[in-house]
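Trainee: Handing over data_24.tsv, TSV, C-alpha atoms.
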```
chain	number	residue	atom	x	y	z
D	15	MET	CA	0.00	0.00	0.00
D	16	LYS	CA	1.28	3.46	-0.86
D	17	LEU	CA	2.26	5.55	2.17
D	18	GLU	CA	3.12	9.23	2.18
D	19	THR	CA	4.95	10.91	5.06
D	20	ARG	CA	4.57	14.63	5.75
D	21	TRP	CA	6.56	16.79	8.17
D	22	LEU	CA	4.32	19.64	9.39
D	23	GLY	CA	6.66	21.37	11.84
D	24	ARG	CA	5.21	22.94	14.99
D	25	ILE	CA	1.49	23.65	14.78
D	26	ALA	CA	-1.41	24.25	17.13
D	27	PHE	CA	-3.42	21.22	18.17
D	28	ASP	CA	-6.72	22.51	16.74
D	29	LYS	CA	-5.17	22.97	13.30
D	30	ALA	CA	-3.76	19.45	13.32
D	31	LEU	CA	-7.11	18.06	14.45
D	32	ALA	CA	-8.96	19.89	11.65
D	33	LEU	CA	-6.46	18.53	9.13
D	34	GLN	CA	-6.92	14.99	10.43
D	35	ASP	CA	-10.70	15.33	10.24
D	36	ALA	CA	-10.47	16.49	6.62
D	37	LEU	CA	-8.07	13.73	5.61
D	38	VAL	CA	-10.17	11.03	7.25
D	39	ALA	CA	-13.34	12.36	5.61
D	40	GLU	CA	-11.60	12.34	2.21
D	41	ARG	CA	-10.71	8.68	2.66
D	42	ALA	CA	-14.09	7.69	4.11
D	43	ALA	CA	-15.98	9.07	1.12
D	44	PRO	CA	-13.59	9.27	-1.88
D	45	ALA	CA	-14.75	11.03	-5.01
D	46	PRO	CA	-16.36	8.67	-7.57
D	47	ASP	CA	-13.92	7.34	-10.17
D	48	ALA	CA	-11.01	9.13	-8.47
D	49	PRO	CA	-7.95	7.17	-7.35
D	50	LEU	CA	-7.85	6.40	-3.65
D	51	PRO	CA	-5.67	8.89	-1.77
D	52	PRO	CA	-2.61	7.31	-0.17
D	53	ASP	CA	-2.25	6.40	3.48
D	54	LEU	CA	-0.46	9.14	5.38
D	55	LEU	CA	1.85	9.63	8.33
D	56	LEU	CA	1.77	13.19	9.66
D	57	LEU	CA	4.79	14.07	11.81
D	58	LEU	CA	4.87	17.27	13.85
D	59	GLU	CA	5.31	19.08	17.14
D	60	HIS	CA	2.47	20.78	19.01
D	61	GLU	CA	2.18	24.01	20.87
D	62	PRO	CA	1.58	23.14	24.56
D	63	VAL	CA	-1.77	21.44	25.18
D	64	TYR	CA	-3.37	18.75	27.31
D	65	THR	CA	-5.68	16.20	25.70
D	66	ILE	CA	-7.99	13.54	27.05
D	67	GLY	CA	-10.15	10.88	25.42
D	68	ARG	CA	-13.94	10.89	25.50
D	69	THR	CA	-14.39	9.32	28.92
D	70	PRO	CA	-16.67	10.25	31.84
D	71	ASP	CA	-13.69	9.74	34.18
D	72	GLN	CA	-11.51	12.82	33.82
D	73	SER	CA	-9.74	12.50	37.15
D	74	SER	CA	-6.38	12.19	35.37
D	75	LEU	CA	-6.62	15.92	34.61
D	76	ARG	CA	-6.66	16.57	38.37
D	77	ASP	CA	-7.68	20.25	38.58
D	78	ALA	CA	-8.39	21.03	34.92
D	79	ALA	CA	-9.33	24.65	35.63
D	80	HIS	CA	-5.83	25.41	36.92
D	81	LEU	CA	-3.68	23.63	34.34
D	82	PRO	CA	-1.07	25.86	32.69
D	83	TYR	CA	-2.20	25.01	29.14
D	84	PRO	CA	-5.55	24.42	27.38
D	85	VAL	CA	-7.39	21.10	27.60
D	86	VAL	CA	-8.99	19.47	24.54
D	87	GLN	CA	-11.27	16.43	24.65
D	88	ILE	CA	-10.89	14.26	21.56
D	89	ASN	CA	-12.08	10.99	20.00
D	90	ARG	CA	-9.24	8.73	21.04
D	91	GLY	CA	-8.88	6.16	23.74
D	92	GLY	CA	-7.14	6.87	26.99
D	93	GLN	CA	-6.76	9.37	29.77
D	94	ALA	CA	-4.95	12.70	29.93
D	95	THR	CA	-1.61	13.43	28.34
D	96	TYR	CA	0.48	16.46	27.44
D	97	HIS	CA	1.80	17.54	24.04
D	98	GLY	CA	4.36	20.27	23.53
D	99	PRO	CA	7.69	21.34	22.05
D	100	GLY	CA	10.35	18.65	22.19
D	101	GLN	CA	7.85	15.87	21.59
D	102	LEU	CA	7.48	14.08	18.25
D	103	VAL	CA	3.81	13.51	17.46
D	104	GLY	CA	2.74	11.08	14.75
D	105	TYR	CA	-0.74	10.89	13.26
D	106	PRO	CA	-1.16	7.91	10.92
D	107	ILE	CA	-4.15	8.19	8.57
D	108	LEU	CA	-4.47	4.55	7.51
D	109	ARG	CA	-7.22	2.44	5.95
D	110	LEU	CA	-7.35	-0.32	8.53
D	111	VAL	CA	-9.81	-2.30	6.42
D	112	GLU	CA	-6.80	-3.17	4.28
D	113	ARG	CA	-4.71	-3.96	7.36
D	114	GLY	CA	-6.87	-6.59	9.03
D	115	GLN	CA	-9.30	-4.41	11.03
D	116	ASP	CA	-7.49	-5.41	14.21
D	117	LEU	CA	-7.07	-2.51	16.65
D	118	HIS	CA	-5.06	-4.56	19.14
D	119	ARG	CA	-2.55	-5.48	16.45
D	120	TYR	CA	-2.45	-1.88	15.21
D	121	LEU	CA	-1.58	-0.58	18.69
D	122	ARG	CA	1.14	-3.21	19.08
D	123	ASP	CA	2.52	-2.26	15.65
D	124	LEU	CA	2.73	1.41	16.67
D	125	GLU	CA	4.57	0.40	19.82
D	126	GLY	CA	6.88	-1.75	17.72
D	127	VAL	CA	7.77	1.17	15.44
D	128	LEU	CA	8.84	3.30	18.40
D	129	ILE	CA	10.71	0.45	20.11
D	130	ASP	CA	12.65	-0.23	16.90
D	131	ALA	CA	13.39	3.47	16.33
D	132	LEU	CA	14.62	3.93	19.91
D	133	ALA	CA	16.88	0.89	19.54
D	134	GLU	CA	18.73	2.81	16.82
D	135	TYR	CA	19.73	5.29	19.54
D	136	GLY	CA	20.83	2.51	21.88
D	137	VAL	CA	17.72	2.79	24.06
D	138	ALA	CA	16.24	-0.55	25.15
D	139	ALA	CA	12.54	0.37	25.11
D	140	ARG	CA	9.76	-2.12	25.75
D	141	ARG	CA	6.06	-2.73	26.21
D	142	ARG	CA	4.44	-3.26	29.61
D	143	GLU	CA	1.79	-5.93	30.07
D	144	GLY	CA	-1.69	-4.43	30.20
D	145	LEU	CA	-0.53	-0.88	29.40
D	146	THR	CA	-0.46	0.85	26.01
D	147	GLY	CA	2.68	2.85	25.26
D	148	VAL	CA	6.47	2.47	25.29
D	149	TRP	CA	8.70	2.32	28.34
D	150	VAL	CA	12.36	2.36	29.31
D	151	GLU	CA	12.51	0.20	32.42
D	152	ASP	CA	9.66	1.77	34.48
D	153	ARG	CA	9.83	5.18	32.82
D	154	LYS	CA	7.34	6.08	30.10
D	155	ILE	CA	8.89	7.57	26.96
D	156	ALA	CA	5.98	7.39	24.50
D	157	SER	CA	2.19	7.50	24.71
D	158	ILE	CA	-0.27	6.06	22.20
D	159	GLY	CA	-3.94	6.84	21.73
D	160	VAL	CA	-5.87	6.26	18.51
D	161	GLY	CA	-9.26	7.03	17.07
D	162	VAL	CA	-11.00	5.24	14.21
D	163	ARG	CA	-13.77	6.37	11.87
D	164	ARG	CA	-15.08	3.88	9.34
D	165	TRP	CA	-11.88	1.91	9.95
D	166	ILE	CA	-9.69	4.88	9.06
D	167	SER	CA	-7.23	5.74	11.80
D	168	MET	CA	-6.45	9.11	13.33
D	169	HIS	CA	-4.49	10.42	16.33
D	170	GLY	CA	-1.54	8.14	17.09
D	171	PHE	CA	1.68	8.42	19.12
D	172	ALA	CA	3.72	10.96	21.04
D	173	LEU	CA	7.43	10.26	21.59
D	174	ASN	CA	9.25	12.42	24.14
D	175	VAL	CA	12.49	13.52	22.49
D	176	CYS	CA	13.86	16.46	24.47
D	177	GLY	CA	12.81	19.50	26.44
D	178	ASP	CA	10.73	20.12	29.55
D	179	LEU	CA	8.86	17.22	31.14
D	180	ALA	CA	7.44	19.36	33.98
D	181	PRO	CA	3.98	19.83	32.34
D	182	PHE	CA	3.37	16.10	32.83
D	183	THR	CA	3.58	16.60	36.60
D	184	GLU	CA	0.41	18.72	36.51
D	185	ILE	CA	-1.68	15.68	35.49
D	186	THR	CA	-1.75	11.92	36.03
D	187	PRO	CA	-0.33	10.89	32.63
D	188	CYS	CA	-2.51	8.26	30.97
D	189	GLY	CA	-4.23	7.79	34.33
D	190	ILE	CA	-1.23	5.90	35.76
D	191	ALA	CA	-0.57	7.07	39.31
D	192	GLY	CA	3.10	7.65	40.11
D	193	VAL	CA	4.31	7.19	36.55
D	194	GLU	CA	7.67	8.77	35.71
D	195	MET	CA	7.96	10.33	32.26
D	196	THR	CA	11.27	10.41	30.42
D	197	ASN	CA	12.63	11.43	27.03
D	198	LEU	CA	15.25	10.33	24.54
D	199	GLU	CA	17.71	13.04	25.53
D	200	ARG	CA	17.59	12.00	29.18
D	201	GLU	CA	17.96	8.30	28.41
D	202	THR	CA	20.96	8.71	26.11
D	203	GLY	CA	22.64	11.63	27.86
D	204	ARG	CA	23.07	13.24	24.44
D	205	PRO	CA	21.30	16.16	22.72
D	206	ALA	CA	18.36	15.11	20.54
D	207	GLU	CA	16.41	17.08	17.95
D	208	VAL	CA	12.80	16.37	17.00
D	209	ARG	CA	13.17	16.70	13.22
D	210	SER	CA	16.11	14.30	13.14
D	211	VAL	CA	14.22	11.75	15.25
D	212	ALA	CA	11.21	12.20	12.96
D	213	GLU	CA	13.32	11.02	10.04
D	214	ARG	CA	14.33	7.88	11.90
D	215	VAL	CA	10.79	7.12	13.04
D	216	ALA	CA	9.43	7.71	9.53
D	217	ALA	CA	11.88	5.21	8.07
D	218	VAL	CA	10.90	2.53	10.59
D	219	PHE	CA	7.19	3.27	10.14
D	220	GLU	CA	7.50	3.00	6.37
D	221	ARG	CA	9.21	-0.38	6.62
D	222	ARG	CA	6.38	-1.70	8.76
D	223	PHE	CA	3.37	-0.06	7.12
D	224	GLY	CA	3.97	0.40	3.42
D	225	THR	CA	5.76	1.86	0.43
D	226	ALA	CA	7.13	5.29	1.24
D	227	ALA	CA	6.73	8.67	-0.41
D	228	ARG	CA	8.08	11.74	1.41
D	229	ALA	CA	6.54	15.23	1.31
```
Kindly present the structure from the file in structure tokens form.
Mentor:
Amino acid sequence: MKLETRWLGRIAFDKALALQDALVAERAAPAPDAPLPPDLLLLLEHEPVYTIGRTPDQSSLRDAAHLPYPVVQINRGGQATYHGPGQLVGYPILRLVERGQDLHRYLRDLEGVLIDALAEYGVAARRREGLTGVWVEDRKIASIGVGVRRWISMHGFALNVCGDLAPFTEITPCGIAGVEMTNLERETGRPAEVRSVAERVAAVFERRFGTAARA
């Protein structure tokens, strides 16, 4: 399956969400007699924001009214997380009908992409039984939360590369009490840059999910 990767730079969360909505709608109802648009991987950084899935339990936000950045509720699974500069965000827009319609497998594949990419930096990342995401020992380095419309994926993963982890301390990340967040720079002891890591992650993602085309 053809896969196109796009680097969007740093953009506000609402703009990225509107773009995802438009891309999913285009794939859910393609124009008659037009070729199917390719699957996409959008790679980017966000301006600071907290997000949470559509759940009646929002205790992971703690005191939402006093958080330092805006809160957005979105159509993904999971509890609260933080997005901001220094974090690589990936939004795959994939037709899962052509990939087995298996959400469990899809989540494990996303984890596998990040584990493989981190291994290229000498970081031994792993899964944890019963928890979605990627860990280094007991420290969480990447969060995953997806949404699906008509078996077309949106949202995706957030890999902590560098920068300030303090905003995570204002919430209970992913609803996991006492969790310690980490990033690539901390784990390697070397400077890391989001755009460079995006290139590595894109290459691993393309090997796992399809034929690549960069934009």
Trainee: Write out as a ChimeraX atom specification which residues come within 8 Å of region 152-168 of chain D when counting all atoms listed in the file, dropping same-chain ones fewer than 3 positions away.
Mentor: /D:34,38,41-42,89-92,95,105-111,115,121,124-125,128,146-149,171-174,188,193-198
Trainee: What is the distance between CA of Glu40 (chain D) and CA of Ile66 (chain D), in Å to one decimal?
Mentor: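 Value for the CA of Glu40 (chain D)-CA of Ile66 (chain D) distance: 25.1 Å.
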Trainee: Nearest to Gly189 (chain D): which of D:Trp21, D:Gln93, D:Val85, D:Asp35 is it, counting only C-alpha atoms?
Mentor: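 With only C-alpha atoms as the atom set, the closest residue is D:Gln93.
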Trainee: Which residue, D:Phe219, D:Phe182, D:Tyr96, D:Tyr120, has the smallest gap to Leu57 (chain D) when you use all atoms listed in the file?
Mentor: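 Nearest to Leu57 (chain D): D:Phe219.
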Trainee: Using CA of Gly177 (chain D) and CA of Pro205 (chain D) as the two end points, give the distance in Å to one decimal.
Mentor: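 Distance reported for this atom pair: 9.9 Å.
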Trainee: Find the residue from D:His60, D:Arg140, D:Arg119, D:Arg214 that sits nearest to Asp28 (chain D); use only C-alpha atoms when measuring.
Mentor: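 Among the listed residues, the smallest separation from Asp28 (chain D) belongs to D:His60.
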Trainee: Take the point (-7.0, 25.6, 27.3) as written in the file and pick out every residue within 12 Å of it, counting all atoms listed in the file; give the list as a PDB file with C-alpha atoms, in the coordinates of the input.
Mentor:
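Just written: part.pdb:
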```
ATOM      1  CA  ALA D  26      -1.410  24.250  17.130  1.00  0.00           C
ATOM      2  CA  PHE D  27      -3.420  21.220  18.170  1.00  0.00           C
ATOM      3  CA  ASP D  28      -6.720  22.510  16.740  1.00  0.00           C
ATOM      4  CA  GLU D  61       2.180  24.010  20.870  1.00  0.00           C
ATOM      5  CA  PRO D  62       1.580  23.140  24.560  1.00  0.00           C
ATOM      6  CA  VAL D  63      -1.770  21.440  25.180  1.00  0.00           C
ATOM      7  CA  TYR D  64      -3.370  18.750  27.310  1.00  0.00           C
ATOM      8  CA  THR D  65      -5.680  16.200  25.700  1.00  0.00           C
ATOM      9  CA  ALA D  78      -8.390  21.030  34.920  1.00  0.00           C
ATOM     10  CA  ALA D  79      -9.330  24.650  35.630  1.00  0.00           C
ATOM     11  CA  HIS D  80      -5.830  25.410  36.920  1.00  0.00           C
ATOM     12  CA  LEU D  81      -3.680  23.630  34.340  1.00  0.00           C
ATOM     13  CA  PRO D  82      -1.070  25.860  32.690  1.00  0.00           C
ATOM     14  CA  TYR D  83      -2.200  25.010  29.140  1.00  0.00           C
ATOM     15  CA  PRO D  84      -5.550  24.420  27.380  1.00  0.00           C
ATOM     16  CA  VAL D  85      -7.390  21.100  27.600  1.00  0.00           C
ATOM     17  CA  VAL D  86      -8.990  19.470  24.540  1.00  0.00           C
ATOM     18  CA  GLN D  87     -11.270  16.430  24.650  1.00  0.00           C
ATOM     19  CA  TYR D  96       0.480  16.460  27.440  1.00  0.00           C
TER      20      TYR D  96
END
```
Trainee: How far is it from CA of Pro187 (chain D) to CA of Leu54 (chain D), in Å with one decimal?
Mentor: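 A separation of 27.3 Å between them.
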Trainee: Restricting the calculation to all atoms listed in the file: of D:Pro49, D:Gly114, D:Pro181, D:Gly203, which residue gets closest to Ala94 (chain D)?
Mentor: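 The closest residue to Ala94 (chain D) is D:Pro181.
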Trainee: For Glu59 (chain D), please output as JSON, numbers by chain all residues within 6 Å (counting only C-alpha atoms; exclusion window: fewer than 3 positions along the same chain).
Mentor: {"D": [23, 24, 99, 102, 103]}
Trainee: As a PyMOL selection string, please: the residues near Ala216 (chain D) (cut-off 12 Å, all atoms listed in the file, same-chain neighbours under 6 positions excluded).
Mentor: chain D and resi 17-21+54-58+102-106+124+127-128+130-131+208-210+222-229
Trainee: Would you export the selected residues with C-alpha atoms as a JSON list (two decimals), in the frame of the given file, please?
Mentor:
```json
[["chain", "number", "residue", "atom", "x", "y", "z"],
["D", 17, "LEU", "CA", 2.26, 5.55, 2.17],
["D", 18, "GLU", "CA", 3.12, 9.23, 2.18],
["D", 19, "THR", "CA", 4.95, 10.91, 5.06],
["D", 20, "ARG", "CA", 4.57, 14.63, 5.75],
["D", 21, "TRP", "CA", 6.56, 16.79, 8.17],
["D", 54, "LEU", "CA", -0.46, 9.14, 5.38],
["D", 55, "LEU", "CA", 1.85, 9.63, 8.33],
["D", 56, "LEU", "CA", 1.77, 13.19, 9.66],
["D", 57, "LEU", "CA", 4.79, 14.07, 11.81],
["D", 58, "LEU", "CA", 4.87, 17.27, 13.85],
["D", 102, "LEU", "CA", 7.48, 14.08, 18.25],
["D", 103, "VAL", "CA", 3.81, 13.51, 17.46],
["D", 104, "GLY", "CA", 2.74, 11.08, 14.75],
["D", 105, "TYR", "CA", -0.74, 10.89, 13.26],
["D", 106, "PRO", "CA", -1.16, 7.91, 10.92],
["D", 124, "LEU", "CA", 2.73, 1.41, 16.67],
["D", 127, "VAL", "CA", 7.77, 1.17, 15.44],
["D", 128, "LEU", "CA", 8.84, 3.30, 18.40],
["D", 130, "ASP", "CA", 12.65, -0.23, 16.90],
["D", 131, "ALA", "CA", 13.39, 3.47, 16.33],
["D", 208, "VAL", "CA", 12.80, 16.37, 17.00],
["D", 209, "ARG", "CA", 13.17, 16.70, 13.22],
["D", 210, "SER", "CA", 16.11, 14.30, 13.14],
["D", 222, "ARG", "CA", 6.38, -1.70, 8.76],
["D", 223, "PHE", "CA", 3.37, -0.06, 7.12],
["D", 224, "GLY", "CA", 3.97, 0.40, 3.42],
["D", 225, "THR", "CA", 5.76, 1.86, 0.43],
["D", 226, "ALA", "CA", 7.13, 5.29, 1.24],
["D", 227, "ALA", "CA", 6.73, 8.67, -0.41],
["D", 228, "ARG", "CA", 8.08, 11.74, 1.41],
["D", 229, "ALA", "CA", 6.54, 15.23, 1.31]]
```
Trainee: Can you rebuild region 94-108 of chain D with N, CA and C atoms and give it as a PDB file, in the coordinates of the input?
Mentor:
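Written out: rebuild_8.pdb:
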```pdb
ATOM      1  N   ALA D  94      -5.609  11.446  30.261  1.00  0.00           N
ATOM      2  CA  ALA D  94      -4.950  12.700  29.930  1.00  0.00           C
ATOM      3  C   ALA D  94      -3.487  12.513  29.561  1.00  0.00           C
ATOM      4  N   THR D  95      -3.039  13.343  28.627  1.00  0.00           N
ATOM      5  CA  THR D  95      -1.610  13.430  28.340  1.00  0.00           C
ATOM      6  C   THR D  95      -1.283  14.868  27.953  1.00  0.00           C
ATOM      7  N   TYR D  96      -0.017  15.131  27.808  1.00  0.00           N
ATOM      8  CA  TYR D  96       0.480  16.460  27.440  1.00  0.00           C
ATOM      9  C   TYR D  96       1.213  16.367  26.114  1.00  0.00           C
ATOM     10  N   HIS D  97       1.019  17.391  25.277  1.00  0.00           N
ATOM     11  CA  HIS D  97       1.800  17.540  24.040  1.00  0.00           C
ATOM     12  C   HIS D  97       2.449  18.920  24.055  1.00  0.00           C
ATOM     13  N   GLY D  98       3.697  18.976  23.586  1.00  0.00           N
ATOM     14  CA  GLY D  98       4.360  20.270  23.530  1.00  0.00           C
ATOM     15  C   GLY D  98       5.685  20.187  22.807  1.00  0.00           C
ATOM     16  N   PRO D  99       6.392  21.306  22.722  1.00  0.00           N
ATOM     17  CA  PRO D  99       7.690  21.340  22.050  1.00  0.00           C
ATOM     18  C   PRO D  99       8.648  20.314  22.644  1.00  0.00           C
ATOM     19  N   GLY D 100       9.434  19.692  21.763  1.00  0.00           N
ATOM     20  CA  GLY D 100      10.350  18.650  22.190  1.00  0.00           C
ATOM     21  C   GLY D 100       9.772  17.260  22.120  1.00  0.00           C
ATOM     22  N   GLN D 101       8.520  17.169  21.708  1.00  0.00           N
ATOM     23  CA  GLN D 101       7.850  15.870  21.590  1.00  0.00           C
ATOM     24  C   GLN D 101       7.483  15.637  20.123  1.00  0.00           C
ATOM     25  N   LEU D 102       7.843  14.455  19.613  1.00  0.00           N
ATOM     26  CA  LEU D 102       7.480  14.080  18.250  1.00  0.00           C
ATOM     27  C   LEU D 102       6.103  13.432  18.267  1.00  0.00           C
ATOM     28  N   VAL D 103       5.164  14.041  17.562  1.00  0.00           N
ATOM     29  CA  VAL D 103       3.810  13.510  17.460  1.00  0.00           C
ATOM     30  C   VAL D 103       3.622  12.917  16.070  1.00  0.00           C
ATOM     31  N   GLY D 104       3.034  11.729  16.017  1.00  0.00           N
ATOM     32  CA  GLY D 104       2.740  11.080  14.750  1.00  0.00           C
ATOM     33  C   GLY D 104       1.281  10.742  14.627  1.00  0.00           C
ATOM     34  N   TYR D 105       0.670  11.173  13.531  1.00  0.00           N
ATOM     35  CA  TYR D 105      -0.740  10.890  13.260  1.00  0.00           C
ATOM     36  C   TYR D 105      -0.839  10.050  11.987  1.00  0.00           C
ATOM     37  N   PRO D 106      -0.937   8.736  12.106  1.00  0.00           N
ATOM     38  CA  PRO D 106      -1.160   7.910  10.920  1.00  0.00           C
ATOM     39  C   PRO D 106      -2.618   7.983  10.472  1.00  0.00           C
ATOM     40  N   ILE D 107      -2.815   8.222   9.182  1.00  0.00           N
ATOM     41  CA  ILE D 107      -4.150   8.190   8.570  1.00  0.00           C
ATOM     42  C   ILE D 107      -4.151   6.970   7.650  1.00  0.00           C
ATOM     43  N   LEU D 108      -4.589   5.839   8.198  1.00  0.00           N
ATOM     44  CA  LEU D 108      -4.470   4.550   7.510  1.00  0.00           C
ATOM     45  C   LEU D 108      -5.833   3.912   7.321  1.00  0.00           C
TER      46      LEU D 108
END
```
